[in-house]
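Content type mmCIF, C-alpha atoms and all ligand atoms, from the file run12.cif:
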data_coords
#
loop_
_atom_site.group_PDB
_atom_site.id
_atom_site.type_symbol
_atom_site.label_atom_id
_atom_site.label_comp_id
_atom_site.auth_asym_id
_atom_site.auth_seq_id
_atom_site.Cartn_x
_atom_site.Cartn_y
_atom_site.Cartn_z
ATOM 1 C CA MET V 1 -60.797 -73.222 -8.840
ATOM 2 C CA THR V 2 -57.826 -75.550 -8.497
ATOM 3 C CA GLU V 3 -55.424 -75.911 -11.394
ATOM 4 C CA PRO V 4 -56.039 -79.044 -13.437
ATOM 5 C CA GLU V 5 -53.360 -81.708 -13.467
ATOM 6 C CA GLN V 6 -50.675 -81.649 -16.152
ATOM 7 C CA GLY V 7 -51.514 -83.371 -19.395
ATOM 8 C CA ALA V 8 -55.251 -83.392 -18.832
ATOM 9 C CA VAL V 9 -57.709 -82.075 -21.390
ATOM 10 C CA VAL V 10 -59.309 -78.953 -19.963
ATOM 11 C CA LEU V 11 -62.248 -76.853 -21.142
ATOM 12 C CA TRP V 12 -63.325 -73.475 -19.811
ATOM 13 C CA LEU V 13 -66.892 -72.703 -20.799
ATOM 14 C CA SER V 14 -69.301 -69.863 -20.300
ATOM 15 C CA SER V 15 -72.511 -70.842 -18.548
ATOM 16 C CA ARG V 16 -74.787 -71.689 -21.449
ATOM 17 C CA TYR V 17 -76.604 -74.945 -22.009
ATOM 18 C CA GLU V 18 -75.399 -75.078 -25.637
ATOM 19 C CA ASN V 19 -71.923 -75.689 -24.253
ATOM 20 C CA ILE V 20 -73.021 -79.069 -22.947
ATOM 21 C CA GLU V 21 -72.763 -80.236 -26.562
ATOM 22 C CA LEU V 22 -69.154 -79.053 -26.668
ATOM 23 C CA VAL V 23 -68.369 -81.049 -23.550
ATOM 24 C CA GLN V 24 -70.039 -84.064 -25.115
ATOM 25 C CA ALA V 25 -67.921 -83.659 -28.258
ATOM 26 C CA ALA V 26 -64.746 -83.377 -26.184
ATOM 27 C CA LEU V 27 -65.718 -86.514 -24.292
ATOM 28 C CA GLY V 28 -66.147 -88.335 -27.598
ATOM 29 C CA HIS V 29 -62.651 -87.323 -28.590
ATOM 30 C CA VAL V 30 -61.167 -88.399 -25.256
ATOM 31 C CA CYS V 31 -63.001 -91.732 -25.440
ATOM 32 C CA ARG V 32 -61.586 -92.452 -28.901
ATOM 33 C CA LEU V 33 -58.071 -91.602 -27.681
ATOM 34 C CA ARG V 34 -58.487 -93.853 -24.661
ATOM 35 C CA GLY V 35 -60.198 -96.746 -26.441
ATOM 36 C CA ILE V 36 -63.483 -96.360 -24.550
ATOM 37 C CA ASP V 37 -66.355 -97.956 -26.455
ATOM 38 C CA GLY V 38 -69.573 -96.240 -27.473
ATOM 39 C CA GLU V 39 -71.681 -97.960 -24.847
ATOM 40 C CA MET V 40 -69.483 -96.817 -21.977
ATOM 41 C CA GLU V 41 -69.125 -93.382 -23.545
ATOM 42 C CA HIS V 42 -72.891 -93.025 -23.548
ATOM 43 C CA TRP V 43 -73.216 -93.546 -19.780
ATOM 44 C CA ILE V 44 -70.195 -91.414 -18.938
ATOM 45 C CA GLY V 45 -71.676 -88.744 -21.198
ATOM 46 C CA MET V 46 -74.963 -88.881 -19.368
ATOM 47 C CA ALA V 47 -73.222 -88.269 -16.016
ATOM 48 C CA LEU V 48 -71.086 -85.518 -17.482
ATOM 49 C CA ARG V 49 -74.098 -83.740 -19.012
ATOM 50 C CA GLU V 50 -75.844 -83.772 -15.642
ATOM 51 C CA ALA V 51 -72.755 -82.422 -13.890
ATOM 52 C CA VAL V 52 -72.262 -79.594 -16.393
ATOM 53 C CA ALA V 53 -75.971 -78.745 -16.379
ATOM 54 C CA ASN V 54 -75.852 -78.445 -12.576
ATOM 55 C CA ALA V 55 -72.732 -76.283 -12.701
ATOM 56 C CA ILE V 56 -74.408 -73.958 -15.223
ATOM 57 C CA ARG V 57 -77.796 -73.832 -13.574
ATOM 58 C CA HIS V 58 -77.381 -74.275 -9.828
ATOM 59 C CA GLY V 59 -73.737 -73.240 -9.500
ATOM 60 C CA ASN V 60 -73.370 -70.321 -11.893
ATOM 61 C CA ARG V 61 -77.115 -69.561 -12.057
ATOM 62 C CA LEU V 62 -76.977 -69.196 -15.836
ATOM 63 C CA ASP V 63 -74.683 -66.170 -15.604
ATOM 64 C CA PRO V 64 -72.717 -66.380 -18.877
ATOM 65 C CA GLN V 65 -69.890 -64.375 -17.292
ATOM 66 C CA LYS V 66 -69.267 -67.212 -14.893
ATOM 67 C CA ARG V 67 -67.276 -70.128 -16.122
ATOM 68 C CA VAL V 68 -67.501 -73.873 -15.885
ATOM 69 C CA LEU V 69 -64.277 -75.855 -15.893
ATOM 70 C CA VAL V 70 -64.322 -79.397 -17.221
ATOM 71 C CA SER V 71 -61.233 -81.588 -17.132
ATOM 72 C CA PHE V 72 -60.583 -85.071 -18.453
ATOM 73 C CA GLY V 73 -57.782 -87.001 -16.786
ATOM 74 C CA GLY V 74 -56.907 -90.223 -15.037
ATOM 75 C CA ASP V 75 -54.613 -93.029 -16.115
ATOM 76 C CA GLY V 76 -54.999 -96.058 -18.368
ATOM 77 C CA ASP V 77 -57.505 -97.833 -16.156
ATOM 78 C CA VAL V 78 -59.521 -94.933 -14.819
ATOM 79 C CA LEU V 79 -61.138 -91.965 -16.516
ATOM 80 C CA GLU V 80 -61.356 -89.042 -14.121
ATOM 81 C CA LEU V 81 -63.614 -86.116 -14.901
ATOM 82 C CA THR V 82 -63.969 -82.944 -12.908
ATOM 83 C CA VAL V 83 -66.575 -80.228 -13.297
ATOM 84 C CA GLY V 84 -66.036 -76.971 -11.428
ATOM 85 C CA ASP V 85 -68.218 -73.892 -11.172
ATOM 86 C CA GLU V 86 -68.069 -70.399 -9.702
ATOM 87 C CA GLY V 87 -71.185 -70.670 -7.581
ATOM 88 C CA ASP V 88 -71.767 -70.659 -3.836
ATOM 89 C CA GLY V 89 -71.401 -74.383 -3.306
ATOM 90 C CA PHE V 90 -73.946 -76.617 -1.605
ATOM 91 C CA ASP V 91 -74.212 -79.475 0.858
ATOM 92 C CA PRO V 92 -74.453 -82.711 -1.144
ATOM 93 C CA GLY V 93 -75.517 -84.513 2.033
ATOM 94 C CA ARG V 94 -78.811 -82.646 1.930
ATOM 95 C CA ILE V 95 -80.128 -83.580 -1.466
ATOM 96 C CA SER V 96 -83.257 -85.685 -1.469
ATOM 97 C CA ASP V 97 -83.558 -89.289 -2.615
ATOM 98 C CA PRO V 98 -85.411 -89.442 -5.937
ATOM 99 C CA LEU V 99 -86.449 -93.032 -5.204
ATOM 100 C CA ALA V 100 -88.407 -92.061 -2.082
ATOM 101 C CA PRO V 101 -92.121 -92.501 -2.797
ATOM 102 C CA GLU V 102 -92.873 -88.828 -2.045
ATOM 103 C CA ASN V 103 -90.310 -87.770 -4.654
ATOM 104 C CA GLN V 104 -91.235 -90.179 -7.396
ATOM 105 C CA MET V 105 -93.446 -87.743 -9.310
ATOM 106 C CA LYS V 106 -91.251 -84.676 -8.814
ATOM 107 C CA THR V 107 -90.097 -82.937 -11.953
ATOM 108 C CA SER V 108 -86.517 -82.490 -10.696
ATOM 109 C CA GLY V 109 -83.930 -83.955 -8.364
ATOM 110 C CA ARG V 110 -82.617 -86.898 -10.377
ATOM 111 C CA GLY V 111 -79.361 -85.517 -11.807
ATOM 112 C CA ILE V 112 -76.954 -86.413 -9.015
ATOM 113 C CA PHE V 113 -78.616 -89.802 -8.671
ATOM 114 C CA TYR V 114 -77.886 -90.469 -12.362
ATOM 115 C CA ILE V 115 -74.286 -89.315 -11.898
ATOM 116 C CA ARG V 116 -73.833 -91.720 -8.980
ATOM 117 C CA THR V 117 -75.515 -94.530 -10.905
ATOM 118 C CA PHE V 118 -73.430 -94.239 -14.038
ATOM 119 C CA MET V 119 -70.028 -93.457 -12.505
ATOM 120 C CA ASP V 120 -67.985 -95.573 -10.086
ATOM 121 C CA GLU V 121 -66.739 -92.887 -7.713
ATOM 122 C CA VAL V 122 -68.270 -89.460 -7.154
ATOM 123 C CA SER V 123 -67.147 -86.773 -4.744
ATOM 124 C CA PHE V 124 -67.928 -83.119 -4.166
ATOM 125 C CA SER V 125 -65.521 -80.556 -2.832
ATOM 126 C CA ARG V 126 -65.337 -76.795 -2.431
ATOM 127 C CA GLY V 127 -63.167 -74.742 -4.771
ATOM 128 C CA GLU V 128 -60.846 -72.040 -3.469
ATOM 129 C CA LYS V 129 -63.445 -69.354 -4.183
ATOM 130 C CA GLY V 130 -66.337 -71.371 -2.819
ATOM 131 C CA GLY V 131 -67.752 -73.012 -5.932
ATOM 132 C CA THR V 132 -68.364 -76.709 -6.336
ATOM 133 C CA ILE V 133 -65.863 -79.172 -7.787
ATOM 134 C CA LEU V 134 -67.405 -82.478 -8.725
ATOM 135 C CA THR V 135 -64.959 -85.315 -9.338
ATOM 136 C CA MET V 136 -66.199 -88.465 -11.058
ATOM 137 C CA LYS V 137 -64.270 -91.604 -11.868
ATOM 138 C CA LYS V 138 -65.055 -94.451 -14.184
ATOM 139 C CA ASP V 139 -63.186 -97.726 -13.877
ATOM 140 C CA LEU V 140 -62.404 -98.638 -17.468
ATOM 141 C CA LYS V 141 -61.742 -102.292 -16.710
ATOM 142 C CA THR V 142 -65.242 -103.088 -15.511
ATOM 143 C CA ARG V 143 -68.113 -103.493 -17.882
ATOM 144 C CA ILE V 144 -70.842 -100.963 -18.088
ATOM 145 C CA ALA V 145 -72.905 -100.254 -14.995
ATOM 146 C CA GLY V 146 -75.569 -98.485 -16.985
ATOM 147 C CA LYS V 147 -78.310 -101.022 -16.451
ATOM 148 C CA GLY V 148 -80.316 -101.135 -13.284
ATOM 149 C CA GLU V 149 -78.036 -103.849 -11.871
ATOM 150 C CA GLN V 150 -80.798 -105.076 -9.606
ATOM 151 C CA MET R 1 -83.657 -76.509 -31.721
ATOM 152 C CA GLY R 2 -84.104 -78.751 -34.757
ATOM 153 C CA LYS R 3 -87.389 -79.601 -36.398
ATOM 154 C CA ASP R 4 -90.685 -80.011 -34.620
ATOM 155 C CA PHE R 5 -91.790 -83.383 -33.363
ATOM 156 C CA GLY R 6 -94.158 -85.331 -35.603
ATOM 157 C CA ILE R 7 -97.800 -85.510 -34.560
ATOM 158 C CA ARG R 8 -100.380 -87.808 -36.082
ATOM 159 C CA MET R 9 -103.647 -89.510 -35.172
ATOM 160 C CA ASN R 10 -104.179 -93.238 -34.900
ATOM 161 C CA GLY R 11 -107.937 -93.492 -34.423
ATOM 162 C CA ASP R 12 -108.651 -91.212 -31.472
ATOM 163 C CA VAL R 13 -105.116 -91.515 -30.104
ATOM 164 C CA LYS R 14 -102.712 -88.647 -30.697
ATOM 165 C CA VAL R 15 -99.253 -90.014 -31.396
ATOM 166 C CA ILE R 16 -96.336 -87.662 -30.706
ATOM 167 C CA GLU R 17 -93.052 -88.755 -32.249
ATOM 168 C CA LEU R 18 -90.154 -87.392 -30.223
ATOM 169 C CA LYS R 19 -86.780 -87.056 -31.918
ATOM 170 C CA GLY R 20 -83.166 -86.509 -30.968
ATOM 171 C CA LYS R 21 -82.089 -85.159 -27.616
ATOM 172 C CA ILE R 22 -84.636 -84.526 -24.890
ATOM 173 C CA THR R 23 -82.215 -82.594 -22.732
ATOM 174 C CA ILE R 24 -81.914 -79.392 -20.737
ATOM 175 C CA GLY R 25 -82.354 -76.207 -22.740
ATOM 176 C CA SER R 26 -83.417 -77.886 -25.950
ATOM 177 C CA GLY R 27 -85.729 -80.849 -26.401
ATOM 178 C CA ASP R 28 -87.106 -80.781 -22.865
ATOM 179 C CA LEU R 29 -89.165 -77.606 -23.284
ATOM 180 C CA LYS R 30 -90.170 -78.436 -26.824
ATOM 181 C CA MET R 31 -91.526 -81.740 -25.593
ATOM 182 C CA ARG R 32 -93.547 -80.036 -22.861
ATOM 183 C CA GLU R 33 -94.975 -77.471 -25.285
ATOM 184 C CA THR R 34 -95.948 -80.154 -27.752
ATOM 185 C CA ILE R 35 -97.666 -82.318 -25.157
ATOM 186 C CA HIS R 36 -99.378 -79.360 -23.467
ATOM 187 C CA GLN R 37 -100.664 -78.202 -26.832
ATOM 188 C CA ALA R 38 -102.136 -81.642 -27.460
ATOM 189 C CA LEU R 39 -103.773 -81.579 -24.015
ATOM 190 C CA GLY R 40 -105.059 -78.062 -24.676
ATOM 191 C CA ASP R 41 -106.822 -79.361 -27.777
ATOM 192 C CA GLY R 42 -108.829 -81.625 -25.515
ATOM 193 C CA THR R 43 -107.023 -84.809 -26.499
ATOM 194 C CA LYS R 44 -107.608 -87.523 -23.904
ATOM 195 C CA LYS R 45 -105.328 -90.210 -25.343
ATOM 196 C CA ILE R 46 -101.690 -89.383 -25.938
ATOM 197 C CA LEU R 47 -99.084 -91.875 -27.033
ATOM 198 C CA ILE R 48 -95.469 -90.773 -27.019
ATOM 199 C CA ASP R 49 -93.295 -92.567 -29.555
ATOM 200 C CA MET R 50 -89.751 -92.564 -28.150
ATOM 201 C CA ALA R 51 -88.132 -94.526 -31.003
ATOM 202 C CA GLY R 52 -86.261 -91.510 -32.333
ATOM 203 C CA VAL R 53 -84.917 -90.300 -28.992
ATOM 204 C CA SER R 54 -81.131 -90.536 -28.778
ATOM 205 C CA THR R 55 -80.571 -89.128 -25.298
ATOM 206 C CA ILE R 56 -82.741 -88.067 -22.409
ATOM 207 C CA ASP R 57 -81.346 -86.364 -19.316
ATOM 208 C CA SER R 58 -82.850 -85.683 -15.892
ATOM 209 C CA SER R 59 -84.541 -82.530 -17.202
ATOM 210 C CA GLY R 60 -86.187 -84.492 -19.999
ATOM 211 C CA VAL R 61 -87.234 -87.189 -17.558
ATOM 212 C CA GLY R 62 -88.577 -84.528 -15.192
ATOM 213 C CA GLU R 63 -90.592 -82.899 -17.982
ATOM 214 C CA LEU R 64 -92.005 -86.272 -18.948
ATOM 215 C CA VAL R 65 -93.102 -86.889 -15.363
ATOM 216 C CA GLY R 66 -94.611 -83.372 -15.246
ATOM 217 C CA CYS R 67 -96.517 -83.967 -18.483
ATOM 218 C CA TYR R 68 -97.814 -87.259 -17.132
ATOM 219 C CA THR R 69 -99.136 -85.504 -14.031
ATOM 220 C CA THR R 70 -100.695 -82.692 -16.079
ATOM 221 C CA ALA R 71 -102.380 -85.226 -18.346
ATOM 222 C CA THR R 72 -103.772 -87.149 -15.387
ATOM 223 C CA HIS R 73 -105.152 -83.955 -13.855
ATOM 224 C CA LYS R 74 -106.934 -83.191 -17.113
ATOM 225 C CA GLY R 75 -108.473 -86.640 -17.213
ATOM 226 C CA ALA R 76 -106.222 -87.662 -20.097
ATOM 227 C CA LYS R 77 -103.944 -90.657 -20.442
ATOM 228 C CA LEU R 78 -100.319 -90.422 -21.491
ATOM 229 C CA LYS R 79 -98.478 -93.587 -22.470
ATOM 230 C CA LEU R 80 -95.095 -94.389 -23.959
ATOM 231 C CA MET R 81 -94.005 -96.712 -26.713
ATOM 232 C CA ASN R 82 -90.888 -97.904 -28.557
ATOM 233 C CA LEU R 83 -88.347 -97.068 -25.881
ATOM 234 C CA PRO R 84 -84.757 -97.537 -27.072
ATOM 235 C CA ASN R 85 -82.805 -99.676 -24.567
ATOM 236 C CA LYS R 86 -80.801 -96.768 -23.200
ATOM 237 C CA ILE R 87 -83.893 -94.656 -22.604
ATOM 238 C CA GLN R 88 -85.551 -97.613 -20.901
ATOM 239 C CA ASP R 89 -82.491 -97.973 -18.622
ATOM 240 C CA VAL R 90 -82.651 -94.297 -17.673
ATOM 241 C CA LEU R 91 -86.305 -94.655 -16.629
ATOM 242 C CA THR R 92 -85.658 -97.985 -14.917
ATOM 243 C CA VAL R 93 -82.913 -96.830 -12.537
ATOM 244 C CA THR R 94 -85.145 -94.072 -11.173
ATOM 245 C CA GLN R 95 -88.039 -96.565 -10.931
ATOM 246 C CA LEU R 96 -90.181 -94.529 -13.308
ATOM 247 C CA ILE R 97 -90.670 -97.364 -15.726
ATOM 248 C CA THR R 98 -93.366 -98.640 -13.367
ATOM 249 C CA VAL R 99 -95.127 -95.263 -13.393
ATOM 250 C CA PHE R 100 -95.502 -95.027 -17.138
ATOM 251 C CA ASP R 101 -97.488 -97.457 -19.221
ATOM 252 C CA VAL R 102 -94.907 -98.648 -21.738
ATOM 253 C CA TYR R 103 -95.592 -100.579 -24.948
ATOM 254 C CA SER R 104 -93.404 -102.074 -27.621
ATOM 255 C CA SER R 105 -95.960 -101.979 -30.420
ATOM 256 C CA GLU R 106 -98.295 -99.241 -31.553
ATOM 257 C CA ALA R 107 -101.225 -101.611 -32.081
ATOM 258 C CA GLU R 108 -100.933 -102.869 -28.516
ATOM 259 C CA ALA R 109 -100.540 -99.348 -27.157
ATOM 260 C CA VAL R 110 -103.531 -97.975 -29.061
ATOM 261 C CA ALA R 111 -105.693 -100.927 -27.993
ATOM 262 C CA SER R 112 -104.743 -100.365 -24.336
ATOM 263 C CA PHE R 113 -106.460 -96.963 -24.251
ATOM 264 C CA GLY R 114 -109.769 -98.802 -24.733
HETATM 265 N N1 LIG Q 1 -72.986 -77.249 -8.847
HETATM 266 C C1 LIG Q 1 -73.948 -77.024 -7.939
HETATM 267 N N2 LIG Q 1 -73.973 -75.861 -7.225
HETATM 268 C C2 LIG Q 1 -74.945 -75.625 -6.317
HETATM 269 N N3 LIG Q 1 -75.938 -76.488 -6.047
HETATM 270 C C3 LIG Q 1 -75.975 -77.653 -6.711
HETATM 271 C C4 LIG Q 1 -74.985 -77.990 -7.703
HETATM 272 N N4 LIG Q 1 -75.269 -79.208 -8.194
HETATM 273 C C5 LIG Q 1 -76.378 -79.617 -7.557
HETATM 274 N N5 LIG Q 1 -76.822 -78.687 -6.678
HETATM 275 C C6 LIG Q 1 -77.978 -78.793 -5.767
HETATM 276 O O1 LIG Q 1 -78.368 -80.154 -5.681
HETATM 277 C C7 LIG Q 1 -79.729 -80.301 -6.080
HETATM 278 C C8 LIG Q 1 -79.934 -81.640 -6.765
HETATM 279 O O2 LIG Q 1 -79.316 -81.671 -8.043
HETATM 280 P P1 LIG Q 1 -79.827 -82.711 -9.109
HETATM 281 O O3 LIG Q 1 -79.869 -84.057 -8.482
HETATM 282 O O4 LIG Q 1 -79.034 -82.564 -10.341
HETATM 283 O O5 LIG Q 1 -81.356 -82.301 -9.360
HETATM 284 P P2 LIG Q 1 -81.943 -80.986 -10.108
HETATM 285 O O6 LIG Q 1 -80.834 -80.388 -10.908
HETATM 286 O O7 LIG Q 1 -83.040 -81.525 -10.953
HETATM 287 O O8 LIG Q 1 -82.459 -80.089 -9.022
HETATM 288 C C9 LIG Q 1 -80.032 -79.101 -6.935
HETATM 289 O O9 LIG Q 1 -81.386 -78.762 -6.925
HETATM 290 C C10 LIG Q 1 -79.181 -78.016 -6.269
HETATM 291 O O10 LIG Q 1 -79.861 -77.504 -5.150
HETATM 292 MG MG MG Q 2 -79.502 -81.417 -12.107
#

This structure in C-alpha cells:
Amino acid sequence: MTEPEQGAVVLWLSSRYENIELVQAALGHVCRLRGIDGEMEHWIGMALREAVANAIRHGNRLDPQKRVLVSFGGDGDVLELTVGDEGDGFDPGRISDPLAPENQMKTSGRGIFYIRTFMDEVSFSRGEKGGTILTMKKDLKTRIAGKGEQ
Amino acid sequence: MGKDFGIRMNGDVKVIELKGKITIGSGDLKMRETIHQALGDGTKKILIDMAGVSTIDSSGVGELVGCYTTATHKGAKLKLMNLPNKIQDVLTVTQLITVFDVYSSEAEAVASFG
C-alpha cells in the first residue's frame, strides 16, 4: 500500500467488522477538528462504513491477519478519505447497477452505489501489492448531497 | 450485539421494534433472525418499526429486502413504519422506498393490512 501523506490521520486495522466502529469514531474526531457538522458527518460516515466493510469482506476476505488502512486527509475545503486493503483487487467497471430492475430485489450490491451517492469524487486504484485503494472526496463547501437530489 | 429487538402484537399484526445500528456484522443478522422467527411462527402480518434505528448500511438494506422477499414467498406481508429521515433517504436513493409499504403512523399501518 502507498504511504499516506504527511500530517494525515491514519489507522491500520485488522479485518474485523467491529473495527468499523473505530473508523466511525475516528471520523467523528476528524469532523470536529475540521468543523464538519453532524449531518454531513453522517453521510460521509455511511460511505466510509461501506468502503471499510468492502475492504474487510471482499478485499481481505475476513482474514484478521490482513490489514485495512484508512486515512483522513485533504485541505480546508475538501475532506479526502482513502481505504486500502490487502486483497486481490477488482474491476470497478464491472459492478452491476443496483437501480436496474433485475437488481432491485437483490440482497447485495448497493455499497459502492451509496459511496458514490454520498461522496463527491470516488476513484479506485491498485495498491503496490495488488489490493484496492479507494479514494473518496467530500467538498466541504457544498451542502449535503445525502438526499435523493432528484 | 446489544439487547434484542422488541416484539409485540397489535391485534393480529406482529410489530418488531428495531433499534440502533442495522449494519454489517451486528444488527443485520439479528434483524433477519428476528423476522424469520416471526415468519416461522406463522405470522402473516409483520410491521417493522424503524423509529429507533440510528444507521442502516447496505447490508442492513439487503437483509431487509431479503426478509421482504421471504415474507412474500410465505404469503405474509412485511411493512415498515416510522422511518427516521436519514433511513428514508437511504431507501430512497436506491429506489427501494417504492418497494416497501411505508407508514408514518401505527394505526394507519395496522389498518392497511386489512
Ligand atoms: N475492496 C474490494 N476488493 C475486492 N472486491 C471488491 C472490493 N470492494 C468491492 N468489491 C467488489 O464489488 C462488488 C460490489 O460491492 P458493493 O457495491 O459494496 O456490494 P456488496 O458488498 O453488497 O457486494 C462486491 O461484490 C465485490 O465483488
Ligand atoms: Mg459492500

Quiz item: Please, what distance in Å, to one decimal, runs between atom C10 of ligand LIG 1 (chain Q) and CA of Thr23 (chain R)?
Solution: 17.4 Å

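When all atoms listed in the file are used to compute distances to ligand LIG 1 (chain Q), the closest of the residues R:Val110, R:Val99, R:Ile24, R:Val93 turns out to be R:Ile24.
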
Self-check item: At most 10 Å to chain V: residues in chain R, only C-alpha atoms, as a VMD selection string
Solution: chain R and resid 23 to 26 55 to 69 85 to 86 88 to 96 99

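Between Val52 (chain V) and the residues V:Ile115, V:Ile36, V:Leu79, V:Val122, the shortest atom-to-atom distance, using all atoms listed in the file, involves V:Ile115.
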
Quiz prompt | Atomic distance CA of Thr82 (chain V) - CA of Lys137 (chain V), expressed in Å with one decimal | solution = 8.7 Å

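Remark: for Arg116 (chain V), the closest of the candidate residues V:Gly74, V:Asn103, V:His29, V:Leu48 is V:Leu48 (distances computed over all atoms listed in the file).
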
Quiz item: Care to translate the PyMOL selection byres (((chain R and resi 70-76) around 12) and not hetatm) into actual residues of this file, as a VMD selection string?
Solution: (chain V and resid 105 107) or (chain R and resid 13 to 14 32 35 to 47 63 to 69 77 to 79 100 113)

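For the choices V:Leu27, V:Leu69, V:Ile56, V:Leu22, the atom-to-atom distance to ligand MG 2 (chain Q) is smallest for V:Ile56 when using only C-alpha atoms and all ligand atoms.
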
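Take CA of Val78 (chain V) and atom O3 of ligand LIG 1 (chain Q): the distance between them is 23.9 Å.
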
Exercise. Please write as a PyMOL selection string the full residue list that the PyMOL selection byres (((chain V and resi 80) around 12) and not hetatm) yields on this file.
Key: chain V and resi 4-5+8-10+27+30-31+34+44+48+70-79+81-83+119-123+134-140

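Shortest separation to ligand LIG 1 (chain Q) among V:Ala55, V:Leu13, V:Leu62, V:Val68 occurs at residue V:Ala55, atoms counted being only C-alpha atoms and all ligand atoms.
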
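Each of V:Pro92, V:Gly28, V:Glu21, V:Met40 was compared to ligand LIG 1 (chain Q) using only C-alpha atoms and all ligand atoms, and V:Pro92 turns out to be the nearest.
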
Within 12 Å of Lys66 (chain V), counting only C-alpha atoms, which residues qualify if same-chain residues fewer than 5 places away don't, as a PDB file with C-alpha atoms, in the coordinates of the input?
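Output below, filename result.pdb:
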ATOM      1  CA  TRP V  12     -63.325 -73.475 -19.811  1.00  0.00           C
ATOM      2  CA  LEU V  13     -66.892 -72.703 -20.799  1.00  0.00           C
ATOM      3  CA  SER V  14     -69.301 -69.863 -20.300  1.00  0.00           C
ATOM      4  CA  SER V  15     -72.511 -70.842 -18.548  1.00  0.00           C
ATOM      5  CA  ARG V  16     -74.787 -71.689 -21.449  1.00  0.00           C
ATOM      6  CA  ALA V  55     -72.732 -76.283 -12.701  1.00  0.00           C
ATOM      7  CA  ILE V  56     -74.408 -73.958 -15.223  1.00  0.00           C
ATOM      8  CA  ARG V  57     -77.796 -73.832 -13.574  1.00  0.00           C
ATOM      9  CA  HIS V  58     -77.381 -74.275  -9.828  1.00  0.00           C
ATOM     10  CA  GLY V  59     -73.737 -73.240  -9.500  1.00  0.00           C
ATOM     11  CA  ASN V  60     -73.370 -70.321 -11.893  1.00  0.00           C
ATOM     12  CA  ARG V  61     -77.115 -69.561 -12.057  1.00  0.00           C
ATOM     13  CA  GLY V  84     -66.036 -76.971 -11.428  1.00  0.00           C
ATOM     14  CA  ASP V  85     -68.218 -73.892 -11.172  1.00  0.00           C
ATOM     15  CA  GLU V  86     -68.069 -70.399  -9.702  1.00  0.00           C
ATOM     16  CA  GLY V  87     -71.185 -70.670  -7.581  1.00  0.00           C
ATOM     17  CA  ASP V  88     -71.767 -70.659  -3.836  1.00  0.00           C
ATOM     18  CA  GLY V 131     -67.752 -73.012  -5.932  1.00  0.00           C
TER      19      GLY V 131
END

Self-check item: Residues within 8 Å of (-91.2, -96.3, -27.8), counting only C-alpha atoms, listed as a list in words
Solution: Ile48, Asp49, Met50, Ala51, Leu80, Met81, Asn82, Leu83, Pro84, Val102, Tyr103, Ser104 and Ser105 of chain R

Axis-aligned box for all listed atoms of ligand LIG 1 (chain Q), 8 Å per side, centre and edges in Å to one decimal, as AutoDock Vina command-line options:
--center_x -78.0 --center_y -79.8 --center_z -8.1 --size_x 26.1 --size_y 24.4 --size_z 21.8
